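S.K.: Below you will find the structure I want to go over with you.
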Amino acid sequence: MVPIMEGQHADRRSSHGNYRDTAEDYRDNLTLFKWTRRLRDLHLYIGYAPGGVGSPQLYSQLLALYLLHNETCNAKFLWKRIPQATKSTTPELATIWNIGQKLWLRDYPGIYEGLKKEWSEHVKFIMDALVDSTRRMAAEIVARAYSSINEEDLAAFLGMSASEAVQTAVSEGWQYDAQTKFVTPKKIAPPSDPIILSEQQLSVLTDYVSFLEG
Amino acid sequence: GNFAQLCEFIGKSAEALTKNASHLDNVLATLDIQQHSLGILGILCVKYSLQNIPDFETLFVQTQEFINECNGEHVRYATDSYADLCHKFTLNLVEKKQSMRGIAILVKAINKIQLFPAQLTSIHADLCQLCLLSKNMKPALQFLDEDINDISKEGGHYDAKDFLLYYYYGGMIYTALKNYERALYMYEVAVTTPSMAVSHIMLEAYKKYILVALILQGKVPNLPKYTSQVVARYIKPLCQPYHDLASSYSTNNPSDLRMTVNKHQETYNRDNNMGLVKQCVTSSYKKNIQRLTKTFLTLSLSDMASRVQLSGPKEAEKYVLHMIEDGEIFATINQKDGMVRFHDNPEQYKSAAMLLQLDKEMQKTISLEEKIREMDREIAVNPQYVQKSSGSHDDDIPGSSTKGQGY
């Protein structure tokens, strides 16, 4: 784990590249695991920097990462405590937070609209991943909640045009009725059960019995 | 060395140190943090108690250094001064509006002085306060998520205020992060603290308890039997607007609820509870929709909208969609027919995942029972208790649980 560094050395550190925030690294390490670790590092770092101010880059990355992890409460508080000065010099922060607001209200068309911007290097890959994850999340919700949905609404959920949305749906195995223009989502199979070893189970049951009788 | 004597000596020298306030920095320079932790602690306490603190920045850095590097073993002999230092530190930061800076330091401070994670210190309340003021909630969570079963005595200086504040602030932090279950628990602990006098903290905690209970459960549950009389006699009458809100909530009539909210708007705003009140109103719509699942198997969206007094089928669809997403209802929307079909909870409770969950809960209960047995044993051998119980009942076995309650 990257060591947490407090103090005036903060900015020097990130420019040394020790902190790995170049686009190259993200292109190679696009796994959620790495980003979760990054999120933890970043939030600790900003939270504990003396004077309580991190660099604008750090703030935008942290804000974007919170959105990616769907932690809208934490994103809201981060936005509230970013100093006004940083907010005015870094308009990108406001554009990122705008997406956060739409995520909070679950306004899918608004989310996709907000994501259609030019992003700077250090947040671009997070935002691209956000588009994908929002689509996946939306598709899951539609599958869970709707037994039939019209193609316009589906398109709004997925942020695509109606025909693209239908195409994606059909490729997932959903059914489409061209006459009525309604899509029938396929139910998602529940996650598979974890396996429990029988010896482990037996020892756990023995613990319970001895506890209840003791 | 004999640390207890050292502590006493330092306590007595406080006056002498105050008189020579200007030389304190030099003295600090000569002491080593690891070996002379207690001495430095004494000096820092005196510096904070001066009328005007000339140079807060230096003091801040000195405190930070001290907490980061002091000898944990040593300072455990002076827990009250240590806690006092943290309190004054927090007070200064709050006044100077620099709450954010203190968070990491207090986290370190708590970790150093706690004997084990389930122990509550008075510094916990300070940490929660700083987190709330700086809107940075995460650092407090590591402490809030632990179940407390012991309180650090801090030389007899641990005050009820610290206890109440910890649970009140903790409840507020959980409410902000929308973990309403845990928030309700924290407020309940604050409200059910044994007491003979009214505490403002309890009063505010009670108001938020009512609001969070409405959001979470749709009704205000009866307070446990061990709640002190003070609550019923003095606190409840002071919270009439909130009781009104609870009663109009239970009529399931949204317009009635709105009227009550408008009537008491000023009170809610003054108490800074308006945000929670608005959430109560939203939750009342959700509760009304949930009640429909008891009567109907399928329902049209427009019918639902009129029954629940929403603006139209589109709004009803949005509500149901959000509730499905959050797991508050089991239903499917059929847009073609404009109908909603309600289901039973698909959980059959026979999966391996559920078994693992049950296992976790059982383990928690078993370890809690262990802890209670230990506490019972401790009381049983307490001389005061033995005296009292053997005085009234000569033959009874001390340490039985019924006796424990009477004591």
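Chains: A, B, ... in order of the structure tokens. Residues: from 1 per chain. Ligands: from 1, in order shown.
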Using backbone DSSP assignments, extract all strand (DSSP E or B) residues from segment 294-378 of chain B; output them as a ChimeraX atom specification.
M.R.: /B:298-300,331-334,339-342
S.K.: Restricting the output to all heavy atoms, write the selected residues as a tab-separated table (two decimals), in the first residue's frame.
M.R.:
chain	number	residue	atom	x	y	z
B	298	THR	N	-52.09	-7.65	-7.70
B	298	THR	CA	-51.70	-6.77	-8.79
B	298	THR	C	-52.51	-5.50	-8.67
B	298	THR	O	-53.63	-5.50	-8.17
B	298	THR	CB	-51.98	-7.37	-10.17
B	298	THR	OG1	-53.35	-7.73	-10.24
B	298	THR	CG2	-51.12	-8.57	-10.46
B	299	LEU	N	-51.92	-4.42	-9.16
B	299	LEU	CA	-52.56	-3.12	-9.04
B	299	LEU	C	-52.12	-2.27	-10.21
B	299	LEU	O	-50.97	-2.35	-10.62
B	299	LEU	CB	-52.13	-2.48	-7.72
B	299	LEU	CG	-52.78	-1.17	-7.30
B	299	LEU	CD1	-54.26	-1.38	-7.10
B	299	LEU	CD2	-52.15	-0.70	-6.01
B	300	SER	N	-53.01	-1.48	-10.73
B	300	SER	CA	-52.58	-0.63	-11.83
B	300	SER	C	-51.86	0.60	-11.25
B	300	SER	O	-52.13	1.01	-10.13
B	300	SER	CB	-53.77	-0.16	-12.66
B	300	SER	OG	-54.46	0.84	-11.96
B	331	ALA	N	-41.59	-6.59	-6.19
B	331	ALA	CA	-42.64	-6.39	-7.18
B	331	ALA	C	-42.04	-6.36	-8.57
B	331	ALA	O	-40.83	-6.23	-8.73
B	331	ALA	CB	-43.36	-5.06	-6.92
B	332	THR	N	-42.90	-6.51	-9.59
B	332	THR	CA	-42.45	-6.31	-10.98
B	332	THR	C	-43.44	-5.38	-11.65
B	332	THR	O	-44.65	-5.47	-11.45
B	332	THR	CB	-42.43	-7.61	-11.78
B	332	THR	OG1	-42.93	-8.65	-11.00
B	332	THR	CG2	-41.04	-7.95	-12.24
B	333	ILE	N	-42.88	-4.49	-12.48
B	333	ILE	CA	-43.70	-3.53	-13.19
B	333	ILE	C	-43.93	-4.03	-14.60
B	333	ILE	O	-42.99	-4.41	-15.29
B	333	ILE	CB	-43.00	-2.16	-13.26
B	333	ILE	CG1	-42.60	-1.70	-11.87
B	333	ILE	CG2	-43.92	-1.14	-13.91
B	333	ILE	CD1	-41.79	-0.44	-11.88
B	334	ASN	N	-45.18	-4.04	-15.01
B	334	ASN	CA	-45.48	-4.44	-16.38
B	334	ASN	C	-45.95	-3.19	-17.10
B	334	ASN	O	-47.08	-2.76	-16.95
B	334	ASN	CB	-46.58	-5.51	-16.34
B	334	ASN	CG	-46.83	-6.07	-17.72
B	334	ASN	OD1	-46.61	-5.40	-18.72
B	334	ASN	ND2	-47.26	-7.32	-17.76
B	339	MET	N	-49.39	-2.21	-15.08
B	339	MET	CA	-49.72	-2.85	-13.81
B	339	MET	C	-48.46	-3.16	-13.01
B	339	MET	O	-47.38	-3.31	-13.55
B	339	MET	CB	-50.43	-4.19	-14.06
B	339	MET	CG	-51.66	-4.09	-14.90
B	339	MET	SD	-53.02	-3.48	-13.95
B	339	MET	CE	-53.38	-4.89	-12.94
B	340	VAL	N	-48.67	-3.28	-11.68
B	340	VAL	CA	-47.59	-3.73	-10.82
B	340	VAL	C	-48.03	-5.04	-10.17
B	340	VAL	O	-49.17	-5.16	-9.73
B	340	VAL	CB	-47.30	-2.71	-9.69
B	340	VAL	CG1	-46.15	-3.19	-8.85
B	340	VAL	CG2	-47.01	-1.37	-10.28
B	341	ARG	N	-47.12	-6.01	-10.16
B	341	ARG	CA	-47.46	-7.28	-9.54
B	341	ARG	C	-46.62	-7.43	-8.29
B	341	ARG	O	-45.39	-7.32	-8.34
B	341	ARG	CB	-47.14	-8.40	-10.52
B	341	ARG	CG	-47.61	-9.72	-10.01
B	341	ARG	CD	-47.25	-10.85	-10.95
B	341	ARG	NE	-48.02	-12.00	-10.56
B	341	ARG	CZ	-49.24	-12.29	-10.98
B	341	ARG	NH1	-49.79	-11.51	-11.88
B	341	ARG	NH2	-49.89	-13.33	-10.53
B	342	PHE	N	-47.26	-7.69	-7.15
B	342	PHE	CA	-46.51	-7.81	-5.90
B	342	PHE	C	-46.15	-9.27	-5.65
B	342	PHE	O	-46.95	-10.18	-5.91
B	342	PHE	CB	-47.34	-7.29	-4.72
B	342	PHE	CG	-47.68	-5.84	-4.84
B	342	PHE	CD1	-49.01	-5.43	-4.82
B	342	PHE	CD2	-46.70	-4.87	-4.99
B	342	PHE	CE1	-49.34	-4.09	-4.93
B	342	PHE	CE2	-47.02	-3.53	-5.11
B	342	PHE	CZ	-48.34	-3.14	-5.09
S.K.: Please produce, as CSV, a per-residue contact table for chain B versus chain A (criterion: any atom at most 9 Å away, only C-alpha atoms considered), showing the nearest atom pair and its distance in Å to one decimal, sorted by chain then residue number.
M.R.:
residue,atom,partner,partner_atom,distance
B:Gln98,CA,A:Gly51,CA,7.6
B:Ser99,CA,A:Gly52,CA,8.8
B:Met100,CA,A:Gly52,CA,5.7
B:Arg101,CA,A:Pro50,CA,5.6
B:Gly102,CA,A:Tyr48,CA,8.4
B:Ile103,CA,A:Tyr48,CA,7.1
B:Ala104,CA,A:Tyr48,CA,5.6
B:Ile105,CA,A:Tyr48,CA,8.7
B:Ser134,CA,A:Arg81,CA,6.8
B:Lys135,CA,A:Phe77,CA,5.7
B:Asn136,CA,A:Phe77,CA,6.7
B:Met137,CA,A:Asn74,CA,8.0
B:Lys138,CA,A:Asn74,CA,8.2
B:Pro139,CA,A:Gly47,CA,8.4
B:Ala176,CA,A:Cys73,CA,7.7
B:Leu177,CA,A:Cys73,CA,5.9
B:Lys178,CA,A:Cys73,CA,7.9
B:Val320,CA,A:Ala145,CA,8.6
B:Leu321,CA,A:Ala145,CA,6.5
B:His322,CA,A:Arg106,CA,8.3
B:Ile324,CA,A:Ala145,CA,6.4
B:Glu325,CA,A:Ile141,CA,6.5
B:Phe330,CA,A:Ala145,CA,8.6
B:Ala331,CA,A:Ala145,CA,6.7
B:Thr332,CA,A:Ala145,CA,4.8
B:Ile333,CA,A:Tyr146,CA,4.5
B:Asn334,CA,A:Ser148,CA,4.9
B:Gln335,CA,A:Ile149,CA,5.2
B:Lys336,CA,A:Ser148,CA,6.1
B:Asp337,CA,A:Ser148,CA,8.7
B:Val340,CA,A:Tyr146,CA,9.0
B:Ser351,CA,A:Asp193,CA,6.8
B:Ala352,CA,A:Asp193,CA,5.8
B:Ala353,CA,A:Asp193,CA,6.0
B:Leu356,CA,A:Ile196,CA,8.6
B:Asp359,CA,A:Val204,CA,8.1
B:Met362,CA,A:Tyr208,CA,8.1
B:Gln363,CA,A:Tyr208,CA,8.8
B:Ile366,CA,A:Phe211,CA,7.3
S.K.: As a list in words, please: the residues near Lys161 of chain B (cut-off 9 Å, only C-alpha atoms, same-chain neighbours under 2 positions excluded).
M.R.: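 Here the qualifying residues turn out to be Ser122, Tyr158, Asp159, Phe163, Leu164, Leu165, Tyr166, Ser199 and Ile201 of chain B.
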S.K.: Generate the output file for the selected residues, N, CA and C atoms, as a PDB file, in the first residue's frame.
M.R.:
ATOM      1  N   SER B 122     -13.544   9.240  26.646  1.00  0.00           N
ATOM      2  CA  SER B 122     -14.225  10.509  26.415  1.00  0.00           C
ATOM      3  C   SER B 122     -13.735  11.150  25.117  1.00  0.00           C
ATOM      4  N   TYR B 158     -14.454  10.759  33.959  1.00  0.00           N
ATOM      5  CA  TYR B 158     -15.326  10.478  32.815  1.00  0.00           C
ATOM      6  C   TYR B 158     -16.725  10.967  33.144  1.00  0.00           C
ATOM      7  N   ASP B 159     -17.244  11.796  32.300  1.00  0.00           N
ATOM      8  CA  ASP B 159     -18.496  12.470  32.609  1.00  0.00           C
ATOM      9  C   ASP B 159     -19.648  11.905  31.801  1.00  0.00           C
ATOM     10  N   PHE B 163     -20.447  10.522  27.496  1.00  0.00           N
ATOM     11  CA  PHE B 163     -21.177   9.334  27.077  1.00  0.00           C
ATOM     12  C   PHE B 163     -22.333   9.716  26.166  1.00  0.00           C
ATOM     13  N   LEU B 164     -23.162  10.677  26.657  1.00  0.00           N
ATOM     14  CA  LEU B 164     -24.332  11.086  25.881  1.00  0.00           C
ATOM     15  C   LEU B 164     -23.928  11.680  24.545  1.00  0.00           C
ATOM     16  N   LEU B 165     -22.886  12.527  24.569  1.00  0.00           N
ATOM     17  CA  LEU B 165     -22.460  13.163  23.330  1.00  0.00           C
ATOM     18  C   LEU B 165     -21.991  12.137  22.311  1.00  0.00           C
ATOM     19  N   TYR B 166     -21.252  11.127  22.800  1.00  0.00           N
ATOM     20  CA  TYR B 166     -20.764  10.114  21.860  1.00  0.00           C
ATOM     21  C   TYR B 166     -21.935   9.472  21.132  1.00  0.00           C
ATOM     22  N   SER B 199     -31.309  16.213  30.556  1.00  0.00           N
ATOM     23  CA  SER B 199     -30.130  16.632  29.814  1.00  0.00           C
ATOM     24  C   SER B 199     -30.584  17.110  28.446  1.00  0.00           C
ATOM     25  N   ILE B 201     -28.914  17.098  25.846  1.00  0.00           N
ATOM     26  CA  ILE B 201     -28.453  16.161  24.829  1.00  0.00           C
ATOM     27  C   ILE B 201     -29.483  15.068  24.650  1.00  0.00           C
TER      28      ILE B 201
END
S.K.: For Tyr108 of chain A, list every protein, DNA or RNA residue within 8 Å, evaluated using only C-alpha atoms, and leave out those in the same chain fewer than 4 positions away; present the list as a count of residues only.
M.R.: 7
S.K.: So how far away is atom CA of Gly39 of chain B from atom CA of Thr63 of chain B, in Å?
M.R.: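 Computing it gives 13.2 Å between the two atoms.
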S.K.: If we count only C-alpha atoms and set the cut-off at 12 Å, which residues sit around Ile123 of chain B, ignoring sequence neighbours fewer than 3 positions away in its own chain? Please answer as an MDAnalysis selection string.
M.R.: chainID B and resid 79:91 102:103 105:114 119:120 126:130 140 143 151:152 154 158:159 161:163 165:166
S.K.: With a distance cut-off of 12 Å and only C-alpha atoms, select the neighbouring residues of Ala16 of chain B, excluding the residue or stretch itself and same-chain residues fewer than 6 positions from it, and output the selection as a list in words.
M.R.: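 My list of contacting residues is Phe9, Ile10, Ser22, His23, Leu24, Gly42, Ile43 and Val46 of chain B.
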S.K.: Any idea what the distance is between atom CA of Lys96 of chain B and atom CA of Tyr168 of chain B?
M.R.: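 Calculated distance between atom CA of Lys96 of chain B and atom CA of Tyr168 of chain B is 23.1 Å.
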S.K.: Select from segment 298-361 of chain B everything DSSP, run on the backbone, classes as helix (DSSP H, G or I), then give the selection as a VMD selection string.
M.R.: chain B and resid 301 to 308 313 to 325 352 to 361
S.K.: Can you write out the residues you just picked, keeping N, CA, C and O atoms, as a CSV table (one decimal), in the first residue's frame?
M.R.:
chain,number,residue,atom,x,y,z
B,301,LEU,N,-50.9,1.1,-12.1
B,301,LEU,CA,-50.2,2.3,-11.6
B,301,LEU,C,-51.0,3.5,-11.3
B,301,LEU,O,-50.8,4.2,-10.3
B,302,SER,N,-52.0,3.7,-12.1
B,302,SER,CA,-52.9,4.9,-11.9
B,302,SER,C,-53.7,4.7,-10.6
B,302,SER,O,-53.9,5.7,-9.9
B,303,ASP,N,-54.2,3.5,-10.4
B,303,ASP,CA,-54.9,3.2,-9.2
B,303,ASP,C,-54.1,3.5,-8.0
B,303,ASP,O,-54.5,4.1,-7.0
B,304,MET,N,-52.8,3.0,-8.1
B,304,MET,CA,-51.9,3.2,-6.9
B,304,MET,C,-51.7,4.6,-6.7
B,304,MET,O,-51.7,5.1,-5.6
B,305,ALA,N,-51.5,5.4,-7.8
B,305,ALA,CA,-51.2,6.8,-7.6
B,305,ALA,C,-52.4,7.5,-6.9
B,305,ALA,O,-52.1,8.4,-6.0
B,306,SER,N,-53.6,7.1,-7.2
B,306,SER,CA,-54.7,7.8,-6.6
B,306,SER,C,-54.9,7.4,-5.1
B,306,SER,O,-55.2,8.2,-4.2
B,307,ARG,N,-54.6,6.1,-4.8
B,307,ARG,CA,-54.7,5.6,-3.5
B,307,ARG,C,-53.7,6.2,-2.5
B,307,ARG,O,-53.9,6.5,-1.4
B,308,VAL,N,-52.5,6.4,-3.1
B,308,VAL,CA,-51.4,6.9,-2.2
B,308,VAL,C,-51.2,8.4,-2.4
B,308,VAL,O,-50.4,9.1,-1.7
B,313,PRO,N,-49.5,8.1,-12.6
B,313,PRO,CA,-48.9,6.8,-12.8
B,313,PRO,C,-47.4,6.9,-13.0
B,313,PRO,O,-46.6,6.0,-12.5
B,314,LYS,N,-46.9,8.0,-13.6
B,314,LYS,CA,-45.5,8.1,-13.9
B,314,LYS,C,-44.7,8.2,-12.5
B,314,LYS,O,-43.7,7.5,-12.3
B,315,GLU,N,-45.3,9.0,-11.6
B,315,GLU,CA,-44.6,9.2,-10.3
B,315,GLU,C,-44.7,7.9,-9.5
B,315,GLU,O,-43.7,7.5,-8.9
B,316,ALA,N,-45.8,7.2,-9.6
B,316,ALA,CA,-46.0,5.9,-8.9
B,316,ALA,C,-44.9,4.9,-9.4
B,316,ALA,O,-44.3,4.2,-8.6
B,317,GLU,N,-44.8,4.9,-10.8
B,317,GLU,CA,-43.8,4.0,-11.3
B,317,GLU,C,-42.4,4.3,-10.8
B,317,GLU,O,-41.6,3.4,-10.4
B,318,LYS,N,-42.1,5.6,-10.7
B,318,LYS,CA,-40.7,5.9,-10.2
B,318,LYS,C,-40.6,5.5,-8.7
B,318,LYS,O,-39.5,4.9,-8.4
B,319,TYR,N,-41.6,5.7,-7.9
B,319,TYR,CA,-41.5,5.3,-6.5
B,319,TYR,C,-41.3,3.8,-6.4
B,319,TYR,O,-40.4,3.3,-5.7
B,320,VAL,N,-42.1,3.0,-7.2
B,320,VAL,CA,-42.0,1.6,-7.1
B,320,VAL,C,-40.6,1.1,-7.6
B,320,VAL,O,-40.0,0.3,-7.0
B,321,LEU,N,-40.1,1.7,-8.6
B,321,LEU,CA,-38.8,1.4,-9.2
B,321,LEU,C,-37.7,1.6,-8.1
B,321,LEU,O,-36.9,0.7,-7.9
B,322,HIS,N,-37.8,2.8,-7.5
B,322,HIS,CA,-36.8,3.0,-6.5
B,322,HIS,C,-36.9,2.1,-5.3
B,322,HIS,O,-35.8,1.6,-4.7
B,323,MET,N,-38.1,1.7,-4.9
B,323,MET,CA,-38.3,0.8,-3.8
B,323,MET,C,-37.7,-0.6,-4.1
B,323,MET,O,-37.2,-1.3,-3.3
B,324,ILE,N,-38.0,-1.0,-5.4
B,324,ILE,CA,-37.5,-2.3,-5.8
B,324,ILE,C,-35.9,-2.3,-5.7
B,324,ILE,O,-35.3,-3.2,-5.3
B,325,GLU,N,-35.4,-1.2,-6.3
B,325,GLU,CA,-33.9,-1.1,-6.3
B,325,GLU,C,-33.4,-1.2,-4.8
B,325,GLU,O,-32.3,-1.8,-4.6
B,352,ALA,N,-27.2,-21.8,1.6
B,352,ALA,CA,-26.0,-21.8,2.4
B,352,ALA,C,-25.6,-20.4,2.8
B,352,ALA,O,-25.0,-20.2,3.9
B,353,ALA,N,-25.9,-19.4,2.0
B,353,ALA,CA,-25.5,-18.0,2.3
B,353,ALA,C,-26.2,-17.6,3.6
B,353,ALA,O,-25.7,-17.0,4.5
B,354,MET,N,-27.5,-18.0,3.7
B,354,MET,CA,-28.3,-17.6,4.8
B,354,MET,C,-27.7,-18.3,6.1
B,354,MET,O,-27.7,-17.8,7.2
B,355,LEU,N,-27.3,-19.6,5.9
B,355,LEU,CA,-26.7,-20.3,7.0
B,355,LEU,C,-25.5,-19.6,7.6
B,355,LEU,O,-25.3,-19.5,8.8
B,356,LEU,N,-24.7,-19.1,6.6
B,356,LEU,CA,-23.4,-18.4,7.1
B,356,LEU,C,-23.8,-17.2,7.8
B,356,LEU,O,-23.2,-16.8,8.8
B,357,GLN,N,-24.9,-16.5,7.4
B,357,GLN,CA,-25.3,-15.3,8.0
B,357,GLN,C,-25.8,-15.6,9.4
B,357,GLN,O,-25.4,-14.9,10.4
B,358,LEU,N,-26.6,-16.7,9.6
B,358,LEU,CA,-27.1,-17.1,10.9
B,358,LEU,C,-25.9,-17.4,11.8
B,358,LEU,O,-25.9,-17.1,13.0
B,359,ASP,N,-24.9,-18.1,11.2
B,359,ASP,CA,-23.7,-18.5,12.0
B,359,ASP,C,-23.0,-17.2,12.6
B,359,ASP,O,-22.7,-17.2,13.7
B,360,LYS,N,-22.9,-16.2,11.7
B,360,LYS,CA,-22.2,-15.0,12.2
B,360,LYS,C,-23.0,-14.4,13.4
B,360,LYS,O,-22.4,-14.0,14.4
B,361,GLU,N,-24.3,-14.3,13.2
B,361,GLU,CA,-25.1,-13.7,14.3
B,361,GLU,C,-25.0,-14.6,15.6
B,361,GLU,O,-24.9,-14.0,16.7
S.K.: Can you tell me, as a ChimeraX atom specification, what residues are no more than 10 Å from Asn149 of chain B when counting only C-alpha atoms, ignoring any on the same chain fewer than 4 positions away?
M.R.: /B:117-120,368,371-372,375
S.K.: What is the distance, in Å and to one decimal place, between atom CA of Val277 of chain B and atom CA of Leu203 of chain B?
M.R.: 16.8 Å
